[in-house]
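Worksheet: the structure to be examined is printed underneath.
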Amino acid sequence: MSNPALNSDHATPTPQDLRARVEGIFPELLEELAQLVAIPSVSSDPDHVADVLASAEHVRDRLTAAGLEAECLRGSNPDGTPGRPAVVARSRAVEGAPTVLLYAHHDVQPTGDLARWASDPFVAEVRGERIYGRGASDDGAGIIVHLGALRALGTDLGVNVVVFIEGEEEVGSPSFRDFLTTYAERLSADVIVVADSNNWKVGEPAMTTTLRGNCTATVDVKVLDHAVHSGAFGGPVLDAVTVAARLIATLHDESGDVAVAGLGGESTADVIWPEEEFREAAGTVEGLHLAGTGDLAARVWTKPSINVIGFDARTVAQASNTIAPEARFKLSMRTVPGHDPEEAMAALVAHLESHVPFGAEVTVTPNEYGPGYRADLTSAVAANLHWALGEAWGVPAVNIGVGGSIPFISDFQVAFPDAQVVVTGVEDPLTNAHSEDESQSVPDLEAAVLAEALLLARLAQDD
């Protein structure tokens, strides 16, 4: 980190100064968020290619207006085609100071069934203390956090800042690795702040310390080379669907814990997740028993999970009195933070191949290897982020995990191995990201802007 003397041209605003500045600019920032929501930057829909570009250009222009040098850039997809537009912006140089990269993304998910929205998803609407609209939280709020923190600090910014606003996070960031390689010199940083995660609850800030990885595999089960009459052959021959079901059942023990050996996991968490809150958020049916053992939060954050996410078999409408010769299913395996995804996949394949029922023919095809993330809680940046979150919200920040994956974080760690990566965000259990009526807590958004401004100010002072 930098020597404070090297930043002597920059005043160090107090937390009270920054709180007042953020309060003064926040109405304008909320309007900026509404403008982002109005751009339907759905990266998965070819009909919205122009909107994704318009979104990138809008973000570029807002960062330029904030005093940064900003441009729209593209990487290349694995097939050589251009990636979706991203924005890279840089603040004016502060000699001897550390460089902080601020990440968010400007693309959004499709709306789904419009009838399930209470208002137009691309017209931001404030109801109570929440603002509704597609991308209002994921990740328009992340963009506003970065923009607001930079505006609040203004000429008092004592670190070098690179802002990287990606345009394809919602489709798996296919050109991300190439982008990091192509623009490594522009993106190189000492600290990377990812603003695309969650808080623990509304009004309770959190640092994301773990993310599970995600590996997927397709499994083909074959028992016959063609369908046969169920009356003539049923009994000695089980259909492929039944065999597949029996194979799937081996993946969990009687308590619902994953039964695949060698996947690891931790059974305790830093916070208590009340079961009634979990059930409400998940929408469980009455009487459903929750699977697994250990702390509920750990079951979601730091223990492995395996779910069937697709199944191909003869449909009910096409049913006939024949034994199905083949079935296919797809598995999603959430891996323990820090566990090598290839080792986890090898363990899954070994389990499936060693538990084949009745000698059926089973072929396992790995599809994806998504790594997880485990934060370095001993780093000075982690301590500074905890302080900034607690100062901004007025309550201590907690460490949480996220059951989902953000694979590009490992790409950051590979591309910039000396950088300290911290993950935070502004979503909460009420956000409904990726679903209808997505929303963002307005007070939490303001607090997040202040927290990042405090963090950047603190990093400018650290040795």
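Order determines the names: the first chain of the structure tokens is A, the second B, and so forth; residues in each chain are numbered 1 upward, and ligands are numbered 1 upward as they are shown.
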
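Residue neighbourhood of Trp200 (chain A), excluding near-sequence residues (fewer than 4 positions): Glu204, Pro205, Ala206, Val398, Ile400, Asp428 and Pro429 of chain A, at 8 Å, using only C-alpha atoms.
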
Mind checking DSSP for region 135-320 of chain A and telling me the helix (DSSP H, G or I) residues as an MDAnalysis selection string? chainID A and resid 140:156 169:171 176:182 184:187 230:233 240:249 275:282 296:301

Save out the residues we just selected, C-alpha atoms, as an mmCIF file, in the first residue's frame.
```
data_model
loop_
_atom_site.group_PDB
_atom_site.id
_atom_site.type_symbol
_atom_site.label_atom_id
_atom_site.label_comp_id
_atom_site.auth_asym_id
_atom_site.auth_seq_id
_atom_site.Cartn_x
_atom_site.Cartn_y
_atom_site.Cartn_z
ATOM 1 C CA GLY A 140 -27.284 -1.539 -11.585
ATOM 2 C CA ALA A 141 -26.891 -0.933 -7.875
ATOM 3 C CA GLY A 142 -23.267 -2.072 -8.082
ATOM 4 C CA ILE A 143 -22.594 0.473 -10.809
ATOM 5 C CA ILE A 144 -24.202 3.211 -8.715
ATOM 6 C CA VAL A 145 -22.081 2.247 -5.704
ATOM 7 C CA HIS A 146 -18.903 2.760 -7.731
ATOM 8 C CA LEU A 147 -20.129 5.920 -9.409
ATOM 9 C CA GLY A 148 -21.405 7.379 -6.138
ATOM 10 C CA ALA A 149 -18.229 6.645 -4.188
ATOM 11 C CA LEU A 150 -16.097 8.311 -6.844
ATOM 12 C CA ARG A 151 -18.358 11.357 -6.942
ATOM 13 C CA ALA A 152 -18.370 11.615 -3.161
ATOM 14 C CA LEU A 153 -14.583 11.582 -3.002
ATOM 15 C CA GLY A 154 -14.080 13.838 -6.023
ATOM 16 C CA THR A 155 -10.655 15.453 -5.983
ATOM 17 C CA ASP A 156 -9.988 13.875 -2.583
ATOM 18 C CA GLU A 169 -22.005 -11.593 -16.597
ATOM 19 C CA GLU A 170 -25.560 -12.877 -16.944
ATOM 20 C CA VAL A 171 -24.508 -15.257 -19.731
ATOM 21 C CA PHE A 176 -13.898 -12.600 -19.695
ATOM 22 C CA ARG A 177 -10.598 -14.477 -19.697
ATOM 23 C CA ASP A 178 -9.601 -13.103 -23.075
ATOM 24 C CA PHE A 179 -10.597 -9.627 -21.914
ATOM 25 C CA LEU A 180 -8.345 -9.887 -18.859
ATOM 26 C CA THR A 181 -5.451 -11.081 -21.017
ATOM 27 C CA THR A 182 -5.967 -8.486 -23.745
ATOM 28 C CA ALA A 184 -4.173 -6.823 -18.489
ATOM 29 C CA GLU A 185 -2.047 -3.699 -18.371
ATOM 30 C CA ARG A 186 -5.107 -1.455 -18.020
ATOM 31 C CA LEU A 187 -6.811 -3.689 -15.441
ATOM 32 C CA SER A 230 -43.636 -54.031 -20.829
ATOM 33 C CA GLY A 231 -45.840 -57.091 -20.489
ATOM 34 C CA ALA A 232 -43.519 -59.413 -22.358
ATOM 35 C CA PHE A 233 -40.282 -58.273 -20.684
ATOM 36 C CA ALA A 240 -34.013 -46.762 -17.866
ATOM 37 C CA VAL A 241 -35.971 -44.133 -15.918
ATOM 38 C CA THR A 242 -36.185 -46.377 -12.852
ATOM 39 C CA VAL A 243 -32.502 -47.250 -13.122
ATOM 40 C CA ALA A 244 -31.632 -43.573 -13.452
ATOM 41 C CA ALA A 245 -33.765 -42.779 -10.401
ATOM 42 C CA ARG A 246 -32.001 -45.442 -8.357
ATOM 43 C CA LEU A 247 -28.619 -44.067 -9.450
ATOM 44 C CA ILE A 248 -29.646 -40.527 -8.529
ATOM 45 C CA ALA A 249 -30.802 -41.766 -5.120
ATOM 46 C CA GLU A 275 -35.347 -21.796 9.381
ATOM 47 C CA GLU A 276 -38.612 -19.899 8.958
ATOM 48 C CA GLU A 277 -36.829 -17.179 6.974
ATOM 49 C CA PHE A 278 -35.149 -19.757 4.770
ATOM 50 C CA ARG A 279 -38.457 -21.511 4.140
ATOM 51 C CA GLU A 280 -40.178 -18.247 3.252
ATOM 52 C CA ALA A 281 -37.401 -17.217 0.858
ATOM 53 C CA ALA A 282 -37.327 -20.649 -0.805
ATOM 54 C CA LEU A 296 -28.515 -24.219 7.859
ATOM 55 C CA ALA A 297 -26.280 -21.456 6.477
ATOM 56 C CA ALA A 298 -23.390 -23.907 6.156
ATOM 57 C CA ARG A 299 -25.584 -26.314 4.210
ATOM 58 C CA VAL A 300 -26.050 -23.560 1.624
ATOM 59 C CA TRP A 301 -22.629 -21.924 1.741
#
```

Selection near Ser320 (chain A), 10 Å with only C-alpha atoms, sequence-local residues under 3 positions removed, as a ChimeraX atom specification: /A:227,229-230,314-317,323-324

Of the listed residues A:Gly133, A:Gly265, A:Gly234, A:Pro371, that which approaches Thr322 (chain A) most closely, counting only C-alpha atoms: A:Gly234

Near His386 (chain A), counting only C-alpha atoms, which residues have an atom at most 8 Å away, once you skip same-chain residues fewer than 4 positions from it, shown as a list of chain:residue names? A:Ala206, A:Met207, A:Ala382, A:Gly390, A:Pro396, A:Ala397, A:Val398

Selection export as an mmCIF file, in the first residue's frame, atoms kept: C-alpha atoms:
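out-v4.cif, freshly written:
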```cif
data_model
loop_
_atom_site.group_PDB
_atom_site.id
_atom_site.type_symbol
_atom_site.label_atom_id
_atom_site.label_comp_id
_atom_site.auth_asym_id
_atom_site.auth_seq_id
_atom_site.Cartn_x
_atom_site.Cartn_y
_atom_site.Cartn_z
ATOM 1 C CA ALA A 206 -21.903 -8.376 4.980
ATOM 2 C CA MET A 207 -18.661 -9.297 3.322
ATOM 3 C CA ALA A 382 -10.721 -7.385 4.435
ATOM 4 C CA GLY A 390 -19.886 -1.166 9.900
ATOM 5 C CA PRO A 396 -21.160 -4.538 12.603
ATOM 6 C CA ALA A 397 -20.674 -6.344 9.300
ATOM 7 C CA VAL A 398 -20.809 -10.133 9.255
#
```

Min atom-atom distance to Pro443 (chain A) from the set A:Val237, A:Val126, A:Leu36, A:Val308, counting only C-alpha atoms, belongs to A:Val126

For Thr293 (chain A), list every protein, DNA or RNA residue within 10 Å, evaluated using only C-alpha atoms, and leave out those in the same chain fewer than 2 positions away; present the list as a list in words. Ser255, Gly256, Asp257, Ser267, Thr268, Leu290, Ala291, Asp295, Leu296, Ala298, Arg299 and Lys303 of chain A

Using only C-alpha atoms, which protein or nucleic acid residues come within 8 Å of region 83-96 of chain A? Drop anything in the same chain fewer than 2 positions from it, and give the result as a JSON list (two decimals) with all heavy atoms, in the first residue's frame.
```
[["chain", "number", "residue", "atom", "x", "y", "z"],
["A", 2, "SER", "N", 0.22, 2.37, -0.21],
["A", 2, "SER", "CA", 0.99, 3.59, -0.40],
["A", 2, "SER", "C", 1.37, 4.22, 0.92],
["A", 2, "SER", "O", 0.78, 3.97, 1.97],
["A", 2, "SER", "CB", 0.15, 4.59, -1.20],
["A", 2, "SER", "OG", -0.97, 4.99, -0.45],
["A", 3, "ASN", "N", 2.35, 5.07, 0.87],
["A", 3, "ASN", "CA", 2.73, 5.91, 1.99],
["A", 3, "ASN", "C", 1.84, 7.14, 1.98],
["A", 3, "ASN", "O", 1.73, 7.82, 0.96],
["A", 3, "ASN", "CB", 4.21, 6.30, 1.82],
["A", 3, "ASN", "CG", 4.73, 7.07, 3.01],
["A", 3, "ASN", "OD1", 4.03, 7.91, 3.58],
["A", 3, "ASN", "ND2", 5.97, 6.78, 3.39],
["A", 6, "LEU", "N", 2.87, 10.27, 0.20],
["A", 6, "LEU", "CA", 2.85, 10.35, -1.26],
["A", 6, "LEU", "C", 1.52, 10.90, -1.76],
["A", 6, "LEU", "O", 1.41, 11.35, -2.89],
["A", 6, "LEU", "CB", 3.09, 8.96, -1.85],
["A", 6, "LEU", "CG", 4.47, 8.36, -1.58],
["A", 6, "LEU", "CD1", 4.54, 6.95, -2.15],
["A", 6, "LEU", "CD2", 5.57, 9.22, -2.17],
["A", 7, "ASN", "N", 0.51, 10.89, -0.90],
["A", 7, "ASN", "CA", -0.80, 11.38, -1.29],
["A", 7, "ASN", "C", -1.11, 12.73, -0.65],
["A", 7, "ASN", "O", -2.26, 13.08, -0.44],
["A", 7, "ASN", "CB", -1.88, 10.36, -0.86],
["A", 7, "ASN", "CG", -1.65, 9.02, -1.51],
["A", 7, "ASN", "OD1", -1.12, 8.95, -2.61],
["A", 7, "ASN", "ND2", -2.03, 7.95, -0.82],
["A", 43, "SER", "N", -28.48, -9.46, -22.01],
["A", 43, "SER", "CA", -27.34, -9.97, -22.80],
["A", 43, "SER", "C", -27.61, -11.31, -23.45],
["A", 43, "SER", "O", -26.94, -11.68, -24.41],
["A", 43, "SER", "CB", -26.10, -10.06, -21.91],
["A", 43, "SER", "OG", -26.37, -10.82, -20.74],
["A", 52, "VAL", "N", -27.67, -3.60, -25.18],
["A", 52, "VAL", "CA", -26.46, -3.87, -24.40],
["A", 52, "VAL", "C", -25.38, -2.85, -24.74],
["A", 52, "VAL", "O", -24.68, -2.35, -23.86],
["A", 52, "VAL", "CB", -25.97, -5.31, -24.62],
["A", 52, "VAL", "CG1", -24.64, -5.55, -23.91],
["A", 52, "VAL", "CG2", -27.01, -6.31, -24.13],
["A", 53, "LEU", "N", -25.24, -2.54, -26.02],
["A", 53, "LEU", "CA", -24.28, -1.50, -26.43],
["A", 53, "LEU", "C", -24.68, -0.14, -25.86],
["A", 53, "LEU", "O", -23.84, 0.61, -25.35],
["A", 53, "LEU", "CB", -24.18, -1.44, -27.95],
["A", 53, "LEU", "CG", -23.27, -0.34, -28.51],
["A", 53, "LEU", "CD1", -21.84, -0.49, -28.00],
["A", 53, "LEU", "CD2", -23.30, -0.35, -30.04],
["A", 56, "ALA", "N", -23.73, 0.04, -22.25],
["A", 56, "ALA", "CA", -22.29, 0.26, -22.07],
["A", 56, "ALA", "C", -21.93, 1.72, -22.34],
["A", 56, "ALA", "O", -21.17, 2.33, -21.58],
["A", 56, "ALA", "CB", -21.51, -0.66, -23.00],
["A", 57, "GLU", "N", -22.48, 2.27, -23.40],
["A", 57, "GLU", "CA", -22.16, 3.66, -23.74],
["A", 57, "GLU", "C", -22.70, 4.62, -22.68],
["A", 57, "GLU", "O", -22.06, 5.64, -22.37],
["A", 57, "GLU", "CB", -22.74, 3.99, -25.11],
["A", 57, "GLU", "CG", -22.03, 3.25, -26.24],
["A", 57, "GLU", "CD", -22.68, 3.44, -27.59],
["A", 57, "GLU", "OE1", -23.87, 3.82, -27.64],
["A", 57, "GLU", "OE2", -22.00, 3.20, -28.61],
["A", 59, "VAL", "N", -23.06, 3.96, -19.44],
["A", 59, "VAL", "CA", -22.17, 3.86, -18.29],
["A", 59, "VAL", "C", -20.86, 4.57, -18.56],
["A", 59, "VAL", "O", -20.33, 5.29, -17.70],
["A", 59, "VAL", "CB", -21.93, 2.38, -17.93],
["A", 59, "VAL", "CG1", -20.86, 2.25, -16.85],
["A", 59, "VAL", "CG2", -23.22, 1.72, -17.46],
["A", 60, "ARG", "N", -20.33, 4.39, -19.76],
["A", 60, "ARG", "CA", -19.10, 5.09, -20.14],
["A", 60, "ARG", "C", -19.27, 6.60, -19.97],
["A", 60, "ARG", "O", -18.40, 7.29, -19.40],
["A", 60, "ARG", "CB", -18.75, 4.76, -21.59],
["A", 60, "ARG", "CG", -17.53, 5.51, -22.15],
["A", 60, "ARG", "CD", -17.57, 5.52, -23.67],
["A", 60, "ARG", "NE", -18.74, 6.22, -24.18],
["A", 60, "ARG", "CZ", -19.18, 6.14, -25.42],
["A", 60, "ARG", "NH1", -18.55, 5.37, -26.31],
["A", 60, "ARG", "NH2", -20.25, 6.81, -25.82],
["A", 63, "LEU", "N", -19.33, 7.72, -16.30],
["A", 63, "LEU", "CA", -18.01, 7.69, -15.68],
["A", 63, "LEU", "C", -17.14, 8.83, -16.21],
["A", 63, "LEU", "O", -16.35, 9.42, -15.47],
["A", 63, "LEU", "CB", -17.34, 6.34, -15.93],
["A", 63, "LEU", "CG", -17.95, 5.18, -15.15],
["A", 63, "LEU", "CD1", -17.44, 3.84, -15.68],
["A", 63, "LEU", "CD2", -17.63, 5.31, -13.66],
["A", 64, "THR", "N", -17.29, 9.14, -17.49],
["A", 64, "THR", "CA", -16.57, 10.28, -18.06],
["A", 64, "THR", "C", -16.99, 11.57, -17.37],
["A", 64, "THR", "O", -16.16, 12.43, -17.02],
["A", 64, "THR", "CB", -16.83, 10.38, -19.57],
["A", 64, "THR", "OG1", -16.36, 9.20, -20.21],
["A", 64, "THR", "CG2", -16.10, 11.59, -20.16],
["A", 67, "GLY", "N", -15.32, 12.39, -14.23],
["A", 67, "GLY", "CA", -13.92, 12.79, -14.29],
["A", 67, "GLY", "C", -12.94, 11.70, -14.63],
["A", 67, "GLY", "O", -11.73, 11.90, -14.55],
["A", 68, "LEU", "N", -13.43, 10.53, -15.06],
["A", 68, "LEU", "CA", -12.55, 9.43, -15.43],
["A", 68, "LEU", "C", -12.40, 9.37, -16.95],
["A", 68, "LEU", "O", -13.25, 9.87, -17.68],
["A", 68, "LEU", "CB", -13.09, 8.09, -14.92],
["A", 68, "LEU", "CG", -12.93, 7.80, -13.43],
["A", 68, "LEU", "CD1", -13.88, 8.62, -12.58],
["A", 68, "LEU", "CD2", -13.13, 6.31, -13.15],
["A", 69, "GLU", "N", -11.32, 8.76, -17.40],
["A", 69, "GLU", "CA", -11.16, 8.46, -18.82],
["A", 69, "GLU", "C", -11.79, 7.10, -19.06],
["A", 69, "GLU", "O", -11.33, 6.09, -18.52],
["A", 69, "GLU", "CB", -9.69, 8.45, -19.22],
["A", 69, "GLU", "CG", -9.00, 9.80, -19.12],
["A", 69, "GLU", "CD", -7.56, 9.74, -19.59],
["A", 69, "GLU", "OE1", -7.13, 8.64, -20.01],
["A", 69, "GLU", "OE2", -6.88, 10.77, -19.54],
["A", 70, "ALA", "N", -12.84, 7.05, -19.86],
["A", 70, "ALA", "CA", -13.61, 5.82, -20.02],
["A", 70, "ALA", "C", -13.78, 5.47, -21.48],
["A", 70, "ALA", "O", -13.89, 6.35, -22.34],
["A", 70, "ALA", "CB", -14.98, 5.98, -19.35],
["A", 71, "GLU", "N", -13.84, 4.17, -21.76],
["A", 71, "GLU", "CA", -14.07, 3.69, -23.12],
["A", 71, "GLU", "C", -14.76, 2.34, -23.08],
["A", 71, "GLU", "O", -14.71, 1.60, -22.10],
["A", 71, "GLU", "CB", -12.75, 3.59, -23.89],
["A", 71, "GLU", "CG", -11.71, 2.72, -23.24],
["A", 71, "GLU", "CD", -10.38, 2.79, -23.96],
["A", 71, "GLU", "OE1", -10.36, 2.89, -25.20],
["A", 71, "GLU", "OE2", -9.33, 2.76, -23.28],
["A", 72, "CYS", "N", -15.42, 2.01, -24.19],
["A", 72, "CYS", "CA", -16.05, 0.71, -24.36],
["A", 72, "CYS", "C", -15.08, -0.22, -25.09],
["A", 72, "CYS", "O", -14.52, 0.17, -26.12],
["A", 72, "CYS", "CB", -17.35, 0.84, -25.16],
["A", 72, "CYS", "SG", -18.65, 1.77, -24.32],
["A", 73, "LEU", "N", -14.90, -1.40, -24.55],
["A", 73, "LEU", "CA", -13.95, -2.36, -25.12],
["A", 73, "LEU", "C", -14.61, -3.74, -25.19],
["A", 73, "LEU", "O", -15.59, -4.00, -24.51],
["A", 73, "LEU", "CB", -12.70, -2.45, -24.24],
["A", 73, "LEU", "CG", -11.90, -1.15, -24.05],
["A", 73, "LEU", "CD1", -10.84, -1.34, -22.97],
["A", 73, "LEU", "CD2", -11.26, -0.72, -25.36],
["A", 74, "ARG", "N", -14.04, -4.60, -26.02],
["A", 74, "ARG", "CA", -14.54, -5.97, -26.15],
["A", 74, "ARG", "C", -13.38, -6.95, -26.12],
["A", 74, "ARG", "O", -12.30, -6.66, -26.62],
["A", 74, "ARG", "CB", -15.30, -6.16, -27.48],
["A", 74, "ARG", "CG", -16.55, -5.32, -27.66],
["A", 74, "ARG", "CD", -17.13, -5.54, -29.04],
["A", 74, "ARG", "NE", -18.23, -4.63, -29.34],
["A", 74, "ARG", "CZ", -19.51, -4.96, -29.29],
["A", 74, "ARG", "NH1", -19.86, -6.19, -28.94],
["A", 74, "ARG", "NH2", -20.45, -4.09, -29.59],
["A", 75, "GLY", "N", -13.65, -8.11, -25.54],
["A", 75, "GLY", "CA", -12.74, -9.24, -25.66],
["A", 75, "GLY", "C", -13.23, -10.15, -26.76],
["A", 75, "GLY", "O", -14.15, -9.81, -27.52],
["A", 76, "SER", "N", -12.65, -11.35, -26.84],
["A", 76, "SER", "CA", -13.06, -12.33, -27.84],
["A", 76, "SER", "C", -13.60, -13.58, -27.16],
["A", 76, "SER", "O", -13.04, -14.05, -26.16],
["A", 76, "SER", "CB", -11.88, -12.72, -28.74],
["A", 76, "SER", "OG", -11.46, -11.62, -29.52],
["A", 77, "ASN", "N", -14.67, -14.11, -27.70],
["A", 77, "ASN", "CA", -15.23, -15.36, -27.22],
["A", 77, "ASN", "C", -14.32, -16.53, -27.62],
["A", 77, "ASN", "O", -13.46, -16.39, -28.49],
["A", 77, "ASN", "CB", -16.62, -15.58, -27.80],
["A", 77, "ASN", "CG", -17.61, -14.56, -27.30],
["A", 77, "ASN", "OD1", -17.67, -14.27, -26.11],
["A", 77, "ASN", "ND2", -18.42, -14.02, -28.21],
["A", 81, "THR", "N", -15.39, -14.93, -31.97],
["A", 81, "THR", "CA", -16.32, -13.82, -32.21],
["A", 81, "THR", "C", -16.15, -12.77, -31.12],
["A", 81, "THR", "O", -15.70, -13.07, -30.01],
["A", 81, "THR", "CB", -17.77, -14.32, -32.23],
["A", 81, "THR", "OG1", -18.07, -14.94, -30.97],
["A", 81, "THR", "CG2", -17.98, -15.31, -33.35],
["A", 98, "PRO", "N", -1.81, 2.99, -4.26],
["A", 98, "PRO", "CA", -2.26, 1.70, -4.78],
["A", 98, "PRO", "C", -3.32, 1.88, -5.86],
["A", 98, "PRO", "O", -3.96, 2.93, -5.95],
["A", 98, "PRO", "CB", -2.83, 1.00, -3.56],
["A", 98, "PRO", "CG", -3.27, 2.10, -2.66],
["A", 98, "PRO", "CD", -2.26, 3.20, -2.86],
["A", 158, "GLY", "N", -7.65, 9.46, -3.23],
["A", 158, "GLY", "CA", -6.22, 9.31, -2.99],
["A", 158, "GLY", "C", -5.63, 8.01, -3.48],
["A", 158, "GLY", "O", -4.48, 7.68, -3.15],
["A", 159, "VAL", "N", -6.40, 7.26, -4.26],
["A", 159, "VAL", "CA", -5.89, 6.02, -4.85],
["A", 159, "VAL", "C", -6.13, 6.07, -6.35],
["A", 159, "VAL", "O", -6.92, 6.88, -6.85],
["A", 159, "VAL", "CB", -6.58, 4.77, -4.26],
["A", 159, "VAL", "CG1", -6.23, 4.60, -2.79],
["A", 159, "VAL", "CG2", -8.09, 4.84, -4.45],
["A", 160, "ASN", "N", -5.43, 5.23, -7.07],
["A", 160, "ASN", "CA", -5.71, 5.06, -8.49],
["A", 160, "ASN", "C", -6.87, 4.08, -8.63],
["A", 160, "ASN", "O", -6.86, 3.01, -8.02],
["A", 160, "ASN", "CB", -4.48, 4.52, -9.21],
["A", 160, "ASN", "CG", -3.31, 5.47, -9.12],
["A", 160, "ASN", "OD1", -3.35, 6.59, -9.62],
["A", 160, "ASN", "ND2", -2.25, 5.03, -8.44],
["A", 161, "VAL", "N", -7.86, 4.45, -9.40],
["A", 161, "VAL", "CA", -9.05, 3.61, -9.56],
["A", 161, "VAL", "C", -9.22, 3.21, -11.01],
["A", 161, "VAL", "O", -9.15, 4.04, -11.92],
["A", 161, "VAL", "CB", -10.32, 4.32, -9.05],
["A", 161, "VAL", "CG1", -11.58, 3.59, -9.50],
["A", 161, "VAL", "CG2", -10.29, 4.43, -7.54],
["A", 162, "VAL", "N", -9.45, 1.91, -11.22],
["A", 162, "VAL", "CA", -9.89, 1.38, -12.51],
["A", 162, "VAL", "C", -11.29, 0.83, -12.31],
["A", 162, "VAL", "O", -11.52, 0.04, -11.39],
["A", 162, "VAL", "CB", -8.96, 0.26, -13.01],
["A", 162, "VAL", "CG1", -9.47, -0.30, -14.34],
["A", 162, "VAL", "CG2", -7.54, 0.76, -13.16],
["A", 163, "VAL", "N", -12.21, 1.28, -13.13],
["A", 163, "VAL", "CA", -13.58, 0.77, -13.06],
["A", 163, "VAL", "C", -13.79, -0.16, -14.25],
["A", 163, "VAL", "O", -13.54, 0.21, -15.39],
["A", 163, "VAL", "CB", -14.62, 1.91, -13.10],
["A", 163, "VAL", "CG1", -16.03, 1.35, -12.97],
["A", 163, "VAL", "CG2", -14.35, 2.91, -11.98],
["A", 164, "PHE", "N", -14.24, -1.37, -13.96],
["A", 164, "PHE", "CA", -14.48, -2.38, -15.00],
["A", 164, "PHE", "C", -15.93, -2.82, -14.89],
["A", 164, "PHE", "O", -16.31, -3.50, -13.94],
["A", 164, "PHE", "CB", -13.52, -3.55, -14.80],
["A", 164, "PHE", "CG", -13.75, -4.73, -15.72],
["A", 164, "PHE", "CD1", -14.32, -4.57, -16.98],
["A", 164, "PHE", "CD2", -13.35, -6.00, -15.34],
["A", 164, "PHE", "CE1", -14.51, -5.66, -17.82],
["A", 164, "PHE", "CE2", -13.53, -7.10, -16.17],
["A", 164, "PHE", "CZ", -14.12, -6.92, -17.42],
["A", 165, "ILE", "N", -16.74, -2.41, -15.86],
["A", 165, "ILE", "CA", -18.16, -2.75, -15.87],
["A", 165, "ILE", "C", -18.41, -3.71, -17.03],
["A", 165, "ILE", "O", -18.42, -3.32, -18.19],
["A", 165, "ILE", "CB", -19.05, -1.49, -16.02],
["A", 165, "ILE", "CG1", -18.65, -0.43, -14.99],
["A", 165, "ILE", "CG2", -20.52, -1.87, -15.87],
["A", 165, "ILE", "CD1", -18.83, -0.85, -13.55],
["A", 166, "GLU", "N", -18.58, -4.96, -16.68],
["A", 166, "GLU", "CA", -18.71, -6.03, -17.67],
["A", 166, "GLU", "C", -20.09, -6.01, -18.33],
["A", 166, "GLU", "O", -21.06, -5.54, -17.73],
["A", 166, "GLU", "CB", -18.48, -7.38, -16.98],
["A", 166, "GLU", "CG", -18.37, -8.56, -17.91],
["A", 166, "GLU", "CD", -18.43, -9.89, -17.18],
["A", 166, "GLU", "OE1", -18.47, -9.89, -15.94],
["A", 166, "GLU", "OE2", -18.45, -10.92, -17.87],
["A", 167, "GLY", "N", -20.19, -6.61, -19.52],
["A", 167, "GLY", "CA", -21.46, -6.62, -20.25],
["A", 167, "GLY", "C", -22.03, -7.99, -20.54],
["A", 167, "GLY", "O", -22.96, -8.11, -21.34],
["A", 168, "GLU", "N", -21.51, -9.03, -19.88],
["A", 168, "GLU", "CA", -21.99, -10.38, -20.20],
["A", 168, "GLU", "C", -21.96, -11.31, -18.99],
["A", 168, "GLU", "O", -21.94, -12.53, -19.14],
["A", 168, "GLU", "CB", -21.16, -10.97, -21.34],
["A", 168, "GLU", "CG", -19.67, -10.99, -21.09],
["A", 168, "GLU", "CD", -18.86, -11.45, -22.29],
["A", 168, "GLU", "OE1", -19.30, -11.24, -23.44],
["A", 168, "GLU", "OE2", -17.78, -12.04, -22.07],
["A", 174, "PRO", "N", -18.41, -15.23, -21.25],
["A", 174, "PRO", "CA", -17.62, -16.06, -22.15],
["A", 174, "PRO", "C", -16.32, -15.43, -22.64],
["A", 174, "PRO", "O", -15.36, -16.15, -22.94],
["A", 174, "PRO", "CB", -18.58, -16.33, -23.33],
["A", 174, "PRO", "CG", -19.60, -15.25, -23.26],
["A", 174, "PRO", "CD", -19.75, -14.93, -21.80],
["A", 175, "SER", "N", -16.27, -14.09, -22.75],
["A", 175, "SER", "CA", -15.03, -13.47, -23.24],
["A", 175, "SER", "C", -14.18, -12.89, -22.10],
["A", 175, "SER", "O", -13.20, -12.19, -22.35],
["A", 175, "SER", "CB", -15.37, -12.35, -24.24],
["A", 175, "SER", "OG", -15.93, -11.22, -23.59]]
```

If we count only C-alpha atoms, what is near Thr12 (chain A) at a cut-off of 9 Å, once residues fewer than 4 positions away on the same chain are taken out, given as a VMD selection string? chain A and resid 156 to 158 457 to 458 460 to 461

Residues of region 76-167 of chain A that have any atom at most 12 Å from an atom of region 408-411 of chain A: could you tabulate them with the shortest-distance atom pair and the distance in Å to one decimal, using only C-alpha atoms, ordered by chain and increasing number, as CSV?
```
residue,atom,partner,partner_atom,distance
A:Tyr103,CA,A:Ile409,CA,10.2
A:Ala104,CA,A:Phe408,CA,11.6
A:His105,CA,A:Phe408,CA,11.8
A:Glu166,CA,A:Phe408,CA,10.8
```

Generate the output file for the selected residues, N, CA and C atoms, as a PDB file, in the first residue's frame.
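New file result02.pdb:
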```pdb
ATOM      1  N   TYR A 103     -15.345  -3.554  -9.764  1.00  0.00           N
ATOM      2  CA  TYR A 103     -16.069  -4.359 -10.752  1.00  0.00           C
ATOM      3  C   TYR A 103     -17.573  -4.339 -10.497  1.00  0.00           C
ATOM      4  N   ALA A 104     -18.328  -4.288 -11.606  1.00  0.00           N
ATOM      5  CA  ALA A 104     -19.776  -4.529 -11.596  1.00  0.00           C
ATOM      6  C   ALA A 104     -20.131  -4.961 -13.020  1.00  0.00           C
ATOM      7  N   HIS A 105     -21.416  -5.193 -13.290  1.00  0.00           N
ATOM      8  CA  HIS A 105     -21.815  -5.516 -14.667  1.00  0.00           C
ATOM      9  C   HIS A 105     -23.081  -4.765 -15.037  1.00  0.00           C
ATOM     10  N   GLU A 166     -18.583  -4.964 -16.683  1.00  0.00           N
ATOM     11  CA  GLU A 166     -18.712  -6.034 -17.668  1.00  0.00           C
ATOM     12  C   GLU A 166     -20.092  -6.014 -18.325  1.00  0.00           C
TER      13      GLU A 166
END
```
